[in-house]
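Source file: work.txt. Holds: compact mmCIF, C-alpha atoms and all ligand atoms.
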# COMPACT_ATOMS: atom_id res chain seq x y z
CA MET A 1 -17.37 6.17 -24.81
CA THR A 2 -20.67 7.33 -23.31
CA ARG A 3 -21.97 10.90 -23.40
CA PHE A 4 -24.81 12.27 -21.32
CA ILE A 5 -26.28 15.73 -21.10
CA SER A 6 -27.68 16.55 -17.65
CA HIS A 7 -30.06 19.46 -17.18
CA SER A 8 -30.14 19.46 -13.38
CA ALA A 9 -28.44 18.13 -10.26
CA GLU A 10 -31.28 15.60 -9.95
CA GLU A 11 -30.63 14.28 -13.46
CA THR A 12 -26.91 13.90 -12.69
CA GLU A 13 -27.76 11.99 -9.55
CA GLN A 14 -30.17 9.67 -11.36
CA PHE A 15 -27.65 9.05 -14.11
CA ALA A 16 -25.01 8.17 -11.51
CA GLU A 17 -27.44 5.77 -9.85
CA GLN A 18 -27.88 3.88 -13.13
CA PHE A 19 -24.17 4.05 -13.89
CA ALA A 20 -23.46 2.42 -10.50
CA LYS A 21 -25.23 -0.76 -11.62
CA LYS A 22 -22.49 -1.38 -14.18
CA LEU A 23 -19.68 -1.15 -11.64
CA ARG A 24 -17.79 -4.12 -10.25
CA PRO A 25 -15.62 -4.44 -7.14
CA GLY A 26 -12.20 -2.96 -7.86
CA ASP A 27 -13.44 -0.36 -10.36
CA VAL A 28 -11.85 3.07 -10.17
CA VAL A 29 -13.89 6.05 -11.37
CA ALA A 30 -11.62 9.03 -11.98
CA CYS A 31 -13.48 12.35 -12.22
CA PHE A 32 -12.15 15.31 -14.17
CA GLY A 33 -13.58 18.84 -14.50
CA GLY A 34 -13.39 22.02 -12.46
CA MET A 35 -15.12 23.31 -9.37
CA GLY A 36 -18.87 23.04 -8.91
CA MET A 37 -19.31 20.66 -11.83
CA GLY A 38 -21.39 18.10 -9.94
CA LYS A 39 -18.81 15.50 -8.92
CA THR A 40 -20.12 15.36 -5.37
CA VAL A 41 -23.69 15.32 -6.68
CA PHE A 42 -22.64 12.36 -8.85
CA ALA A 43 -21.12 10.64 -5.79
CA HIS A 44 -24.51 10.86 -4.02
CA GLY A 45 -26.22 9.08 -6.88
CA LEU A 46 -23.43 6.53 -7.16
CA ALA A 47 -23.69 5.63 -3.47
CA ARG A 48 -27.46 5.23 -3.80
CA GLY A 49 -26.99 3.04 -6.88
CA LEU A 50 -24.55 0.83 -4.96
CA GLY A 51 -27.16 0.40 -2.25
CA LEU A 52 -25.30 2.52 0.28
CA SER A 53 -27.43 4.65 2.54
CA ASP A 54 -24.74 6.54 4.50
CA GLU A 55 -25.02 10.24 3.81
CA VAL A 56 -22.40 11.21 1.22
CA SER A 57 -20.77 14.55 1.85
CA SER A 58 -17.84 16.17 0.14
CA PRO A 59 -14.61 14.70 1.49
CA THR A 60 -12.41 17.71 0.71
CA PHE A 61 -11.28 17.98 4.31
CA ALA A 62 -11.18 14.28 5.16
CA LEU A 63 -9.59 13.38 1.78
CA VAL A 64 -11.36 10.04 1.81
CA GLN A 65 -14.67 8.76 3.09
CA GLU A 66 -15.68 5.14 3.30
CA TYR A 67 -19.22 3.87 2.74
CA THR A 68 -19.34 0.24 3.70
CA ASP A 69 -22.93 -0.60 4.59
CA GLY A 70 -23.77 -2.16 1.22
CA ASN A 71 -22.58 -5.07 -0.92
CA ILE A 72 -19.82 -3.11 -2.61
CA PRO A 73 -18.06 -0.52 -0.46
CA LEU A 74 -17.48 2.95 -1.91
CA TYR A 75 -14.28 4.88 -1.20
CA HIS A 76 -14.81 8.51 -2.09
CA PHE A 77 -11.64 10.58 -2.51
CA ASP A 78 -11.14 14.28 -3.05
CA MET A 79 -7.62 14.94 -4.32
CA TYR A 80 -7.97 18.73 -4.47
CA ARG A 81 -5.34 19.20 -1.78
CA VAL A 82 -3.12 16.29 -2.78
CA SER A 83 -0.17 17.65 -4.70
CA ASP A 84 2.70 15.25 -4.21
CA PHE A 85 3.34 11.56 -4.05
CA ASP A 86 3.94 11.48 -0.31
CA ALA A 87 0.60 13.16 0.35
CA LEU A 88 -1.12 10.63 -1.90
CA TYR A 89 0.59 7.74 -0.08
CA SER A 90 -0.61 9.17 3.23
CA THR A 91 -4.26 9.08 2.14
CA GLY A 92 -3.93 5.30 1.98
CA PHE A 93 -4.90 5.50 -1.71
CA PHE A 94 -2.64 2.60 -2.73
CA ASP A 95 -4.12 0.44 0.02
CA TYR A 96 -7.69 1.25 -1.08
CA LEU A 97 -6.75 0.17 -4.61
CA GLU A 98 -6.12 -3.32 -3.20
CA GLN A 99 -9.55 -3.50 -1.59
CA ASP A 100 -12.52 -4.89 -3.45
CA GLY A 101 -14.49 -1.67 -3.44
CA VAL A 102 -15.36 1.07 -5.91
CA LEU A 103 -13.14 4.15 -5.80
CA LEU A 104 -14.60 7.49 -6.88
CA ILE A 105 -11.93 10.16 -7.18
CA GLU A 106 -12.76 13.86 -7.36
CA TRP A 107 -9.96 16.01 -8.77
CA SER A 108 -8.17 13.16 -10.54
CA GLU A 109 -6.21 15.87 -12.37
CA GLN A 110 -4.08 16.07 -9.23
CA ILE A 111 -2.96 12.44 -9.35
CA GLU A 112 -3.32 11.54 -13.00
CA SER A 113 0.02 9.75 -13.27
CA ALA A 114 -0.87 7.50 -10.32
CA LEU A 115 -4.24 6.32 -11.68
CA PRO A 116 -4.34 2.60 -12.39
CA PRO A 117 -4.32 1.70 -16.11
CA GLY A 118 -7.92 0.40 -16.13
CA ALA A 119 -9.47 3.47 -14.50
CA ILE A 120 -12.84 4.66 -15.88
CA ARG A 121 -12.52 8.34 -16.79
CA LEU A 122 -15.52 10.57 -16.11
CA SER A 123 -15.19 14.13 -17.42
CA PHE A 124 -17.57 16.98 -16.60
CA ALA A 125 -18.04 20.01 -18.83
CA ARG A 126 -20.29 22.95 -17.98
CA LEU A 127 -22.55 23.98 -20.84
CA ASP A 128 -24.51 26.55 -18.83
CA GLU A 129 -25.68 27.26 -15.27
CA ASN A 130 -27.60 23.99 -14.94
CA THR A 131 -26.39 21.94 -17.88
CA ARG A 132 -23.44 19.56 -17.73
CA GLU A 133 -21.95 17.25 -20.32
CA LEU A 134 -20.68 14.01 -18.80
CA THR A 135 -18.26 11.88 -20.81
CA ILE A 136 -17.36 8.37 -19.70
CA GLU A 137 -14.37 6.56 -21.15
CA GLY A 138 -13.32 3.07 -20.18
CA GLU A 139 -13.81 -0.57 -21.04
CA GLY A 140 -17.50 -1.29 -21.47
CA PHE A 141 -18.59 2.35 -21.69
CA MET B 1 14.10 -14.57 25.65
CA ARG B 2 10.70 -14.90 23.97
CA ILE B 3 9.99 -12.60 21.05
CA LEU B 4 6.58 -12.08 19.49
CA ALA B 5 6.98 -10.62 15.99
CA ILE B 6 4.23 -9.07 13.90
CA ASP B 7 4.34 -8.00 10.28
CA THR B 8 1.51 -6.33 8.36
CA SER B 9 3.72 -3.97 6.38
CA SER B 10 2.78 -5.09 2.87
CA GLN B 11 0.58 -7.49 0.95
CA SER B 12 1.17 -10.44 3.29
CA ALA B 13 0.67 -10.60 7.05
CA GLY B 14 2.17 -12.82 9.69
CA CYS B 15 3.31 -13.36 13.24
CA ALA B 16 5.91 -15.57 14.88
CA LEU B 17 7.12 -16.63 18.28
CA LEU B 18 10.86 -17.07 18.77
CA GLU B 19 12.66 -18.33 21.88
CA ASP B 20 16.43 -18.00 22.08
CA GLY B 21 16.98 -18.39 18.36
CA ARG B 22 14.42 -21.20 18.03
CA LEU B 23 11.26 -20.58 16.04
CA LEU B 24 8.38 -21.97 18.12
CA GLY B 25 5.63 -21.06 15.69
CA GLU B 26 4.76 -18.90 12.73
CA PHE B 27 1.66 -17.77 10.89
CA PHE B 28 1.72 -16.40 7.35
CA THR B 29 -1.12 -15.31 5.08
CA ASN B 30 -1.10 -13.70 1.68
CA VAL B 31 -4.71 -13.15 0.71
CA LYS B 32 -6.79 -10.08 0.00
CA LEU B 33 -8.03 -9.59 3.52
CA THR B 34 -7.81 -6.59 5.75
CA HIS B 35 -4.83 -7.02 8.06
CA SER B 36 -6.72 -5.11 10.75
CA GLN B 37 -9.24 -7.94 10.91
CA THR B 38 -6.78 -10.84 10.73
CA ILE B 39 -3.65 -10.00 12.70
CA LEU B 40 -4.93 -10.22 16.27
CA PRO B 41 -6.84 -13.49 15.76
CA MET B 42 -3.66 -14.79 14.10
CA VAL B 43 -1.60 -13.86 17.17
CA GLN B 44 -4.19 -15.53 19.39
CA SER B 45 -4.04 -18.76 17.36
CA LEU B 46 -0.26 -18.71 17.40
CA LEU B 47 -0.22 -18.39 21.18
CA ASP B 48 -2.89 -21.09 21.55
CA GLN B 49 -1.11 -23.53 19.24
CA THR B 50 2.25 -23.03 20.89
CA ARG B 51 0.71 -23.23 24.38
CA ALA B 52 2.19 -19.84 25.14
CA SER B 53 0.63 -16.87 26.80
CA LEU B 54 1.05 -13.23 26.01
CA SER B 55 2.48 -12.56 29.45
CA ASP B 56 5.43 -14.87 28.64
CA VAL B 57 6.53 -12.56 25.84
CA ASP B 58 9.70 -10.61 26.75
CA LEU B 59 10.02 -8.50 23.62
CA PHE B 60 7.76 -7.36 20.79
CA ALA B 61 9.05 -6.94 17.25
CA VAL B 62 7.41 -5.15 14.35
CA THR B 63 8.30 -4.01 10.85
CA THR B 64 8.33 -0.20 10.85
CA GLY B 65 8.51 0.37 7.10
CA PRO B 66 8.83 1.00 4.32
CA GLY B 67 5.53 -0.48 3.26
CA SER B 68 1.82 0.14 2.96
CA PHE B 69 0.61 3.25 4.78
CA THR B 70 -2.34 1.47 6.34
CA GLY B 71 -0.50 -1.81 6.92
CA LEU B 72 2.30 -0.18 8.88
CA ARG B 73 -0.18 1.54 11.16
CA ILE B 74 -2.04 -1.70 11.82
CA GLY B 75 1.12 -3.56 12.87
CA LEU B 76 2.48 -0.71 14.93
CA SER B 77 -0.82 -0.16 16.74
CA ALA B 78 -1.13 -3.86 17.56
CA VAL B 79 2.39 -4.05 18.97
CA LYS B 80 2.16 -0.73 20.78
CA GLY B 81 -1.07 -1.86 22.42
CA MET B 82 0.29 -5.18 23.65
CA ALA B 83 3.73 -3.91 24.68
CA HIS B 84 2.25 -0.94 26.48
CA ALA B 85 -0.26 -3.06 28.38
CA LEU B 86 2.42 -5.54 29.47
CA GLY B 87 5.15 -2.95 29.99
CA LYS B 88 7.53 -4.85 27.69
CA PRO B 89 10.21 -3.47 25.36
CA CYS B 90 9.97 -3.39 21.57
CA VAL B 91 12.22 -3.53 18.55
CA GLY B 92 11.28 -1.86 15.29
CA VAL B 93 12.93 -3.40 12.24
CA SER B 94 13.17 -2.04 8.71
CA THR B 95 10.85 -4.09 6.49
CA LEU B 96 13.69 -4.43 3.98
CA GLU B 97 16.10 -5.70 6.63
CA ALA B 98 13.52 -8.21 7.87
CA LEU B 99 13.26 -9.51 4.29
CA ALA B 100 17.05 -9.83 4.10
CA TRP B 101 17.02 -11.96 7.27
CA GLN B 102 15.26 -14.71 5.34
CA PHE B 103 18.70 -15.48 3.88
CA CYS B 104 20.54 -15.64 7.21
CA GLY B 105 23.54 -17.98 7.11
CA GLN B 106 24.00 -17.85 3.31
CA GLU B 107 26.78 -16.35 1.18
CA LEU B 108 25.00 -13.95 -1.14
CA LEU B 109 23.70 -10.48 -1.93
CA VAL B 110 20.05 -9.65 -1.18
CA ALA B 111 18.11 -6.76 -2.69
CA PRO B 112 14.71 -6.55 -0.97
CA VAL B 113 12.17 -4.71 -3.14
CA LEU B 114 8.71 -3.49 -2.20
CA ASP B 115 6.41 -2.05 -4.84
CA ALA B 116 6.04 1.71 -4.19
CA ARG B 117 3.78 2.06 -7.28
CA CYS B 118 4.32 4.14 -10.39
CA ALA B 119 7.54 2.32 -11.41
CA GLN B 120 9.20 3.00 -8.06
CA VAL B 121 10.43 0.62 -5.41
CA TYR B 122 11.53 0.73 -1.81
CA THR B 123 14.84 -1.06 -1.76
CA ALA B 124 18.22 -1.58 -0.08
CA LEU B 125 21.15 -3.94 -0.57
CA PHE B 126 22.67 -6.42 1.90
CA ARG B 127 25.44 -8.99 1.91
CA TRP B 128 25.24 -12.18 3.95
CA GLU B 129 28.49 -13.94 4.79
CA GLY B 130 27.44 -16.73 7.09
CA GLU B 131 26.13 -15.11 10.24
CA THR B 132 27.35 -11.64 9.28
CA LEU B 133 24.94 -9.22 7.66
CA THR B 134 26.42 -6.13 6.03
CA ARG B 135 24.25 -3.32 4.78
CA LEU B 136 25.56 -2.01 1.44
CA GLU B 137 22.79 0.49 0.65
CA PRO B 138 20.37 2.40 2.90
CA ASP B 139 16.59 2.00 2.67
CA GLN B 140 15.51 4.23 -0.20
CA ALA B 141 12.64 4.84 -2.58
CA ILE B 142 13.99 4.87 -6.13
CA PRO B 143 12.73 4.43 -9.69
CA ILE B 144 13.13 0.87 -11.01
CA ALA B 145 15.51 2.23 -13.66
CA GLN B 146 17.86 3.32 -10.90
CA LEU B 147 17.70 -0.14 -9.33
CA GLU B 148 18.81 -1.53 -12.67
CA GLN B 149 21.83 0.80 -12.69
CA ARG B 150 22.68 -0.26 -9.16
CA LEU B 151 22.52 -3.99 -9.82
CA LYS B 152 23.73 -4.43 -13.37
CA ASN B 153 27.43 -4.20 -12.54
CA GLU B 154 27.30 -6.64 -9.64
CA LYS B 155 29.78 -9.48 -10.06
CA ASN B 156 27.80 -11.79 -7.78
CA ALA B 157 24.29 -13.15 -7.88
CA VAL B 158 21.73 -10.80 -6.30
CA PHE B 159 18.56 -12.30 -4.84
CA LEU B 160 15.40 -10.23 -5.13
CA VAL B 161 12.89 -10.69 -2.32
CA GLY B 162 9.72 -8.85 -1.31
CA ASP B 163 6.35 -8.00 -2.87
CA GLY B 164 8.08 -6.18 -5.74
CA ALA B 165 10.59 -8.96 -6.44
CA GLU B 166 8.73 -10.75 -9.19
CA MET B 167 7.86 -7.50 -10.98
CA CYS B 168 11.48 -6.30 -10.86
CA TYR B 169 12.80 -9.69 -11.89
CA ASN B 170 10.55 -9.76 -14.95
CA MET B 171 11.51 -6.23 -15.92
CA LEU B 172 15.26 -6.52 -15.33
CA ASN B 173 16.46 -10.10 -15.64
CA GLU B 174 17.42 -9.85 -19.31
CA ARG B 175 19.63 -6.84 -18.69
CA VAL B 176 20.91 -7.93 -15.27
CA PRO B 177 22.08 -11.50 -15.87
CA LEU B 178 23.08 -12.24 -12.27
CA LEU B 179 19.64 -11.38 -10.94
CA ARG B 180 17.93 -14.17 -8.99
CA LEU B 181 14.39 -14.45 -7.65
CA ALA B 182 13.78 -15.73 -4.11
CA PRO B 183 11.71 -18.95 -4.14
CA PRO B 184 7.96 -18.51 -3.55
CA THR B 185 8.21 -19.76 0.04
CA MET B 186 10.66 -16.96 0.87
CA ARG B 187 9.41 -14.19 -1.35
CA TYR B 188 7.28 -12.19 1.08
CA THR B 189 7.97 -10.90 4.57
CA HIS B 190 8.02 -13.65 7.17
CA ALA B 191 7.62 -12.81 10.82
CA GLY B 192 10.12 -15.55 11.75
CA ALA B 193 12.90 -13.66 9.96
CA LEU B 194 11.69 -10.42 11.55
CA ALA B 195 11.97 -12.09 14.97
CA LEU B 196 15.56 -13.16 14.22
CA ALA B 197 16.47 -9.63 13.16
CA ALA B 198 14.87 -8.30 16.35
CA GLU B 199 16.76 -10.78 18.49
CA ARG B 200 20.06 -9.59 17.12
CA ALA B 201 19.03 -5.92 17.44
CA ALA B 202 17.97 -6.48 21.05
CA GLY B 203 21.32 -8.12 21.76
CA LEU B 204 22.96 -4.93 20.54
CA GLY B 205 20.72 -2.87 22.80
CA TYR B 206 18.38 -1.44 20.16
CA THR B 207 15.17 -1.76 22.17
CA VAL B 208 12.62 1.02 22.59
CA SER B 209 9.44 1.53 24.59
CA ALA B 210 6.00 1.11 23.03
CA GLU B 211 5.67 4.90 22.96
CA GLN B 212 8.92 5.33 21.06
CA LEU B 213 7.98 2.95 18.23
CA ALA B 214 7.23 4.93 15.09
CA PRO B 215 6.81 4.21 11.39
CA ALA B 216 9.83 4.95 9.21
CA TYR B 217 8.53 6.71 6.13
CA LEU B 218 10.74 7.09 3.10
CA ARG B 219 10.17 10.09 0.93
CA LEU B 220 9.76 9.33 -2.71
CA PRO B 221 12.29 11.01 -5.03
CA GLN B 222 11.40 14.62 -5.79
CA ALA B 223 11.18 14.25 -9.56
CA GLU B 224 8.91 11.24 -9.25
CA ARG B 225 6.65 12.84 -6.71
CA GLU B 226 5.06 15.04 -9.35
CA LEU B 227 1.59 13.67 -9.83
CA LEU B 228 -0.02 16.08 -12.20
CA ALA B 229 -1.19 15.18 -15.67
CA LYS B 230 1.25 15.04 -18.58
CA GLN B 231 4.21 14.31 -16.36
CA GLN B 232 5.93 10.97 -16.67
CA SER B 233 3.58 8.24 -17.80
CA VAL B 234 3.76 4.99 -15.94
N1 LIG C 1 -26.72 19.38 -14.26
C1 LIG C 1 -26.15 19.49 -13.03
N2 LIG C 1 -25.50 18.43 -12.48
C2 LIG C 1 -24.91 18.54 -11.27
N3 LIG C 1 -24.92 19.63 -10.50
C3 LIG C 1 -25.55 20.73 -10.98
C4 LIG C 1 -26.18 20.70 -12.27
N4 LIG C 1 -26.71 21.91 -12.49
C5 LIG C 1 -26.43 22.66 -11.42
N5 LIG C 1 -25.74 21.97 -10.51
C6 LIG C 1 -25.24 22.52 -9.22
O1 LIG C 1 -23.82 22.55 -9.26
C7 LIG C 1 -23.30 22.28 -8.00
C8 LIG C 1 -22.34 21.09 -8.06
O2 LIG C 1 -21.72 20.94 -6.80
P1 LIG C 1 -20.79 19.74 -6.45
O3 LIG C 1 -20.38 19.94 -5.03
O4 LIG C 1 -21.38 18.45 -6.83
O5 LIG C 1 -19.56 20.06 -7.41
P2 LIG C 1 -18.13 19.40 -7.40
O6 LIG C 1 -17.81 19.09 -8.80
O7 LIG C 1 -18.08 18.29 -6.42
O8 LIG C 1 -17.23 20.62 -6.93
P3 LIG C 1 -15.83 20.64 -6.12
O9 LIG C 1 -14.78 20.62 -7.17
O10 LIG C 1 -15.85 21.95 -5.42
O11 LIG C 1 -15.79 19.45 -5.23
C9 LIG C 1 -24.47 22.03 -7.06
O12 LIG C 1 -24.77 23.21 -6.39
C10 LIG C 1 -25.58 21.64 -8.02
O13 LIG C 1 -26.86 21.95 -7.53
MG MG C 2 -16.90 17.93 -4.67

Have the structure of the file written as structure tokens, please.
Amino acid sequence: MTRFISHSAEETEQFAEQFAKKLRPGDVVACFGGMGMGKTVFAHGLARGLGLSDEVSSPTFALVQEYTDGNIPLYHFDMYRVSDFDALYSTGFFDYLEQDGVLLIEWSEQIESALPPGAIRLSFARLDENTRELTIEGEGF
Amino acid sequence: MRILAIDTSSQSAGCALLEDGRLLGEFFTNVKLTHSQTILPMVQSLLDQTRASLSDVDLFAVTTGPGSFTGLRIGLSAVKGMAHALGKPCVGVSTLEALAWQFCGQELLVAPVLDARCAQVYTALFRWEGETLTRLEPDQAIPIAQLEQRLKNEKNAVFLVGDGAEMCYNMLNERVPLLRLAPPTMRYTHAGALALAAERAAGLGYTVSAEQLAPAYLRLPQAERELLAKQQSV
């Protein structure tokens, strides 16, 4: 388990950039924590760390965004609106799991029972306005 | 009648060319590649190697599901595009029925199973008696435990086939003694069997236009659709 205290959005982004270096194709990063925690901020840093330059935005409306201009593609999901199995199926989630990319999933709470067994769990807790505690659980962390 | 059949519904992908019950050629791959990038070149190679041209095709066949969300759309789009351009009819075949057709001419029960994730499968049940195929169960998405209930009282051997066959066999074979696993060469969807199924369907008049082709989605059982934390663990 790894713990990190971030004091700003920039720090979260830099931490994510370093964290990205440890990821391998096929890794699933499941994010937990409520609204405005910094999951999308983290996704920005992760994309940069994976060498992806496409602008990362929040995929809440698209459900999934693909970033494929680097060595390892990033599939960025937001499950906020996904509340049943059929909806999850229709995002193509199970097909993305078969691809050799990294999956980052915002709002993993929504699909917890469908996460693959080896998923890396990243939990956000808000300590104050600009301080977040990030906890990473998973093999090698 | 020449039938071009395309399957990208699950883990494997393939295409086949059938003429009046005779398989002229078939392509099959089962590697981690995007079907969207492989299926059309595969069709082109098949046509090249069989010295056929697309304009000789009288009917297009495709698996319409159940299966992978993305995979089904890739196969359907490819077939819709070609059939529409050439103004030729199509036949959509259940992926599970296409799998059952791999046993055409035998005397046995076939339970096709596709992995629907989270301990669920897409499945059905068929009986082959020579040339006669009888459907015993509709296409359904059910928990693997329910498949066990369905199969454990069978008095005859049941062959599992499909991308979930090995998983189900390993989970159930001790408690379902008459369970059998299709050999590796027949385990996944083969476009040749899809073409045979389509030929019979066309003979019965089940052809549609390119526009009418649509994926057949199966809803997952209500209780199992709950995805939130602390529900059933997998
Ligand atoms: N230490 C910090 N780390 C990350 N973001 C921070 C931090 N401190 C403040 N913030 C601010 O919190 C907000 C986080 O927004 P972000 O969109 O990343 O949240 P989110 O977890 O993706 O929310 P949602 O659930 O709505 O998708 C930003 O406005 C960011 O500037
Ligand atoms: Mg967000």

Practice task
Identify, counting only C-alpha atoms and all ligand atoms, the protein, DNA and RNA residues located within 6 Å of ligand LIG 1 (chain C), and give them as an MDAnalysis selection string.
Solution key: chainID A and resid 6:9 12 34:41 130:132

Handout entry: Neighbours of chain B in chain A at 9 Å, counting all atoms listed in the file, as a PyMOL selection string
Key = chain A and resi 82-86+88-95+98-100+108-115+117

So that I can check the surroundings of Ser53 of chain A, please list as an mmCIF file with C-alpha atoms, in the coordinates of the input every protein, DNA and RNA residue that reaches within 12 Å of it, counting only C-alpha atoms and ignoring chain neighbours fewer than 2 positions away.
data_model
loop_
_atom_site.group_PDB
_atom_site.id
_atom_site.type_symbol
_atom_site.label_atom_id
_atom_site.label_comp_id
_atom_site.auth_asym_id
_atom_site.auth_seq_id
_atom_site.Cartn_x
_atom_site.Cartn_y
_atom_site.Cartn_z
ATOM 1 C CA HIS A 44 -24.510 10.860 -4.020
ATOM 2 C CA GLY A 45 -26.220 9.080 -6.880
ATOM 3 C CA LEU A 46 -23.430 6.530 -7.160
ATOM 4 C CA ALA A 47 -23.690 5.630 -3.470
ATOM 5 C CA ARG A 48 -27.460 5.230 -3.800
ATOM 6 C CA GLY A 49 -26.990 3.040 -6.880
ATOM 7 C CA LEU A 50 -24.550 0.830 -4.960
ATOM 8 C CA GLY A 51 -27.160 0.400 -2.250
ATOM 9 C CA GLU A 55 -25.020 10.240 3.810
ATOM 10 C CA VAL A 56 -22.400 11.210 1.220
ATOM 11 C CA SER A 57 -20.770 14.550 1.850
ATOM 12 C CA GLU A 66 -15.680 5.140 3.300
ATOM 13 C CA TYR A 67 -19.220 3.870 2.740
ATOM 14 C CA THR A 68 -19.340 0.240 3.700
ATOM 15 C CA ASP A 69 -22.930 -0.600 4.590
ATOM 16 C CA GLY A 70 -23.770 -2.160 1.220
ATOM 17 C CA ASN A 71 -22.580 -5.070 -0.920
ATOM 18 C CA PRO A 73 -18.060 -0.520 -0.460
ATOM 19 C CA LEU A 74 -17.480 2.950 -1.910
#

Exercise for the section: Give me, please, the distance in Å between atom CA of Ser209 of chain B and atom CA of Glu19 of chain B, quoted to one decimal. Expected result: 20.3 Å

Handout entry: Glu107 of chain B surroundings by all atoms listed in the file, 10 Å radius, close-in-sequence under 2 positions cut, as a PyMOL selection string
Key = chain B and resi 103-105+109-110+127-133+157

Practice task
May I ask for the distance between atom CA of Trp101 of chain B and atom CA of Gln140 of chain B, given in Å to one decimal place?
Solution key: 17.9 Å

Problem - Of the listed residues A:Leu134, A:Val102, A:Val64, A:Val28, that which approaches ligand MG 2 (chain C) most closely, counting all atoms listed in the file - result: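 Checking each of A:Leu134, A:Val102, A:Val64, A:Val28 against ligand MG 2 (chain C), counting all atoms listed in the file, the winner is A:Val64.
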
Handout entry: Coordinates-based distance that separates atom CA of Phe32 of chain A from atom CA of Leu122 of chain A (Å, one decimal)
Key =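 Atom-to-atom, atom CA of Leu122 of chain A to atom CA of Phe32 of chain A, that is 6.1 Å.
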
Practice task
Mind checking which residues fall within 12 Å of Ala100 of chain B, counting only C-alpha atoms, ignoring those fewer than 3 positions away in the same chain, and posting them as a ChimeraX atom specification?
Solution key: /B:93-97,103-106,108-113,123-128,132-136,139,158-162,182,186-194,196-197

Problem - Best match for closeness to ligand MG 2 (chain C) among A:Ala62, A:Ile72, A:Leu127, A:Ile136, counting all atoms listed in the file - result: A:Ala62

Completion exercise
In terms of only C-alpha atoms, the residue from B:Thr8, B:Gly87, B:Pro66, B:Ala195 at minimal distance from Pro138 of chain B is B:Pro66
